[in-house]
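Working notes, structure below.
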Amino acid sequence: MKETVVSGIRSTGKLHLGNYYGAVKNFVQMQNDYNCYFFIADLHSLTTHPTPADLHGNIKHVLVEYLASGIDPENSTIYIQSDVPEIAELYLYLNMNAYMGELERSTSFKDKVRSNPDNVNAGLLTYPVLMAADILIHKATKVPVGKDQEQHLEMARTFGNRFNRLYNTEYFPEPYAFSYSEKLVKVPGLDGKGKMGKSEGEANAVYLSDDPETIRKKVMKAVSDGGPTEENQPKPEPIQNLFDLMKVVSSADTHQHFEDLYSKMQIRYGDFKKQLAEDMIIATAPMRERIQDIAKDDSYLRQVAKHGALKARESAQKTIREVRSLIGF
Ligand code: ADP
């Protein structure tokens with residue numbers, strides 16, 4: 001029996017290099033060896049992106065870009081989260097044993113409160129509970145995600161284990177974050193501050209669908225500084241971020257070449273950024289072309305989503321039947 005894998009991406013905009021290297025690249029690699037469920041997290045998107053007029057387009061972006069990245073809908077189950085209402089039911093049950101204190105301590109909740117203090121809704125607070133339901137509904141053990149989701153995975157294990165203890169069962173297995181690379185990936189943004197994100201502004205992210213000229217412009221504008229003033233100097237955050245980006249998209253030799261130039265104070269940021277932009281263009285080229293083709297075929301996209309929803313519901317309904325019986329309904 002193959003191990004089960006679940007992961008999703010919020011339908012809050014176009015996919016960027018962080019989504020690709022943190023999550024989708026692993027999805028594509030995992031699909032032959034595992035029983036994979038990859039979903040479009042439209043329920044999660046409502047915490048921050050509730051505009052009805054944008055919902056459909058954003059769901060389509062993620063679906064198209066999953067397919068363009070190489071996820072095979074015959075091999076993996078691709079579905080829209082809201083097409084599987086059993087997830088919302090499991091979320092409700094798990095909420096009964098998720099505590100305010102632990103939810104308030106989540107780093108992503110604190111970040112969201114800080115960035116938007118006027119919209120601290122209960123959905124934001126209980127985001128990790130819905131994420132636990134997403135994973136536990138298929139009893140998954142491996143979850144390909146970026147570094148920013150590590151704490152949520154720990155919470156998913158806590159909620160699953162708590163359910164098991166409460167109902168004296170070993171029903172839910174423990175899910176762990178997964179990546180083929182040595183460590184979980186964190187792709188920084190171009191603004192010199194934090195991670196690349198869909199909601200951090202256009203200039204911060206390089207999207208899989210960006211054309212070469214847009215990529216060049218964004219990278220050339222990325223925050224840098226006047227250059228190192230001493231040999232072997234540690235790098236300030238914006239520069240370290242650009243090197244981290246290069247480590248992800250460029251070859252090891254190219255990365256090492258610019259590391260050496262930096263250490264010897266011979267780096268020219270113009271050349272460095274040009275190389276970074278060209279490597280990003282090469283890395284995204286195959287997806288960029290496929291995105292345009294796949295986006296035109298609405299009937300194919302509807303068929304993929306319908307087929308995926310049927311498969312995902314079959315698994316989710318089985319879990320919900322068993323969970324209800326454990327609860328005593
Ligand atoms: P975003 O933060 O852009 O809204 P999501 O929250 O929908 O994206 O995250 C979807 C997946 O992409 C998750 O597995 C997350 O860990 C991964 N991810 C998002 N941003 C990054 C990043 N900058 N580096 C690595 N992985 C990332």
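Chain labels follow the order of the structure tokens: the first chain is A, the next B, and so on; residue numbering restarts at 1 in every chain, and ligands are counted from 1 in their shown order.
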
Item to complete: Skip A:Asp298 itself and residues of its chain fewer than 3 positions away, then list as a PyMOL selection string all residues within 12 Å of it, counting only C-alpha atoms.
Response: chain A and resi 56-57+60-61+63-64+292-295+301-305

Discussion item. Neighbouring residues of ligand 1 are defined here as those with any atom at most 7 Å from a ligand atom, counting only C-alpha atoms and all ligand atoms; list them as a list in words.
Written reply: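 Checking only C-alpha atoms and all ligand atoms against ligand 1 at 7 Å gives Ser7, Gly8, Ile9, Arg10, Ser11, Thr12, Gly18, Asn19, Tyr20, Tyr21, Gly22, Ala23, Pro144, Val145, Gly146, Lys147, Asp148, Gln149, Val185, Lys186, Val187, Pro188, Gly189, Lys195, Met196, Gly197, Lys198 and Ser199 of chain A.
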
Once you have the residues from the selection above, write them out as a PDB file, in the first residue's frame, restricted to C-alpha atoms.
```
ATOM      1  CA  SER A   7      -1.068  19.243   0.229  1.00  0.00           C
ATOM      2  CA  GLY A   8      -2.778  22.366  -1.052  1.00  0.00           C
ATOM      3  CA  ILE A   9      -2.279  25.935  -2.117  1.00  0.00           C
ATOM      4  CA  ARG A  10      -4.612  28.800  -1.267  1.00  0.00           C
ATOM      5  CA  SER A  11      -6.494  30.299  -4.186  1.00  0.00           C
ATOM      6  CA  THR A  12      -5.326  33.818  -3.462  1.00  0.00           C
ATOM      7  CA  GLY A  18       8.054  30.042  -3.365  1.00  0.00           C
ATOM      8  CA  ASN A  19       4.967  27.922  -4.029  1.00  0.00           C
ATOM      9  CA  TYR A  20       6.832  26.040  -6.731  1.00  0.00           C
ATOM     10  CA  TYR A  21      10.075  25.243  -4.916  1.00  0.00           C
ATOM     11  CA  GLY A  22       8.432  24.915  -1.464  1.00  0.00           C
ATOM     12  CA  ALA A  23       5.538  22.751  -2.568  1.00  0.00           C
ATOM     13  CA  PRO A 144       4.955  18.434   1.013  1.00  0.00           C
ATOM     14  CA  VAL A 145       5.111  22.075   2.176  1.00  0.00           C
ATOM     15  CA  GLY A 146       7.530  24.958   2.597  1.00  0.00           C
ATOM     16  CA  LYS A 147       9.288  25.869   5.834  1.00  0.00           C
ATOM     17  CA  ASP A 148       6.514  28.339   6.798  1.00  0.00           C
ATOM     18  CA  GLN A 149       4.107  25.430   7.385  1.00  0.00           C
ATOM     19  CA  VAL A 185      12.521  25.215   1.585  1.00  0.00           C
ATOM     20  CA  LYS A 186      12.036  28.915   2.327  1.00  0.00           C
ATOM     21  CA  VAL A 187      12.152  31.083  -0.784  1.00  0.00           C
ATOM     22  CA  PRO A 188      12.718  34.756   0.073  1.00  0.00           C
ATOM     23  CA  GLY A 189      10.969  37.603  -1.724  1.00  0.00           C
ATOM     24  CA  LYS A 195       9.435  35.190   2.348  1.00  0.00           C
ATOM     25  CA  MET A 196       8.033  35.364  -1.143  1.00  0.00           C
ATOM     26  CA  GLY A 197       4.247  35.392  -0.823  1.00  0.00           C
ATOM     27  CA  LYS A 198       1.118  35.847  -2.923  1.00  0.00           C
ATOM     28  CA  SER A 199      -0.086  38.646  -0.666  1.00  0.00           C
TER      29      SER A 199
END
```

Worksheet item: A:Lys318, A:Lys221, A:Lys235, A:Lys142: which is nearest A:Phe178, counting only C-alpha atoms?
Response: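 Among the listed residues, the smallest separation from A:Phe178 belongs to A:Lys142.
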
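Our summary of the geometry notes that atom CA of A:Asp33 is positioned 10.4 Å from atom CA of A:Ser76.
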
Worksheet item: Between A:Ser181, A:Asn161, A:Gln81, A:Ser250, which has the minimum distance to A:Ile59 (counting only C-alpha atoms)?
Response: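 When distances to A:Ile59 are compared using only C-alpha atoms, the smallest one comes from A:Gln81.
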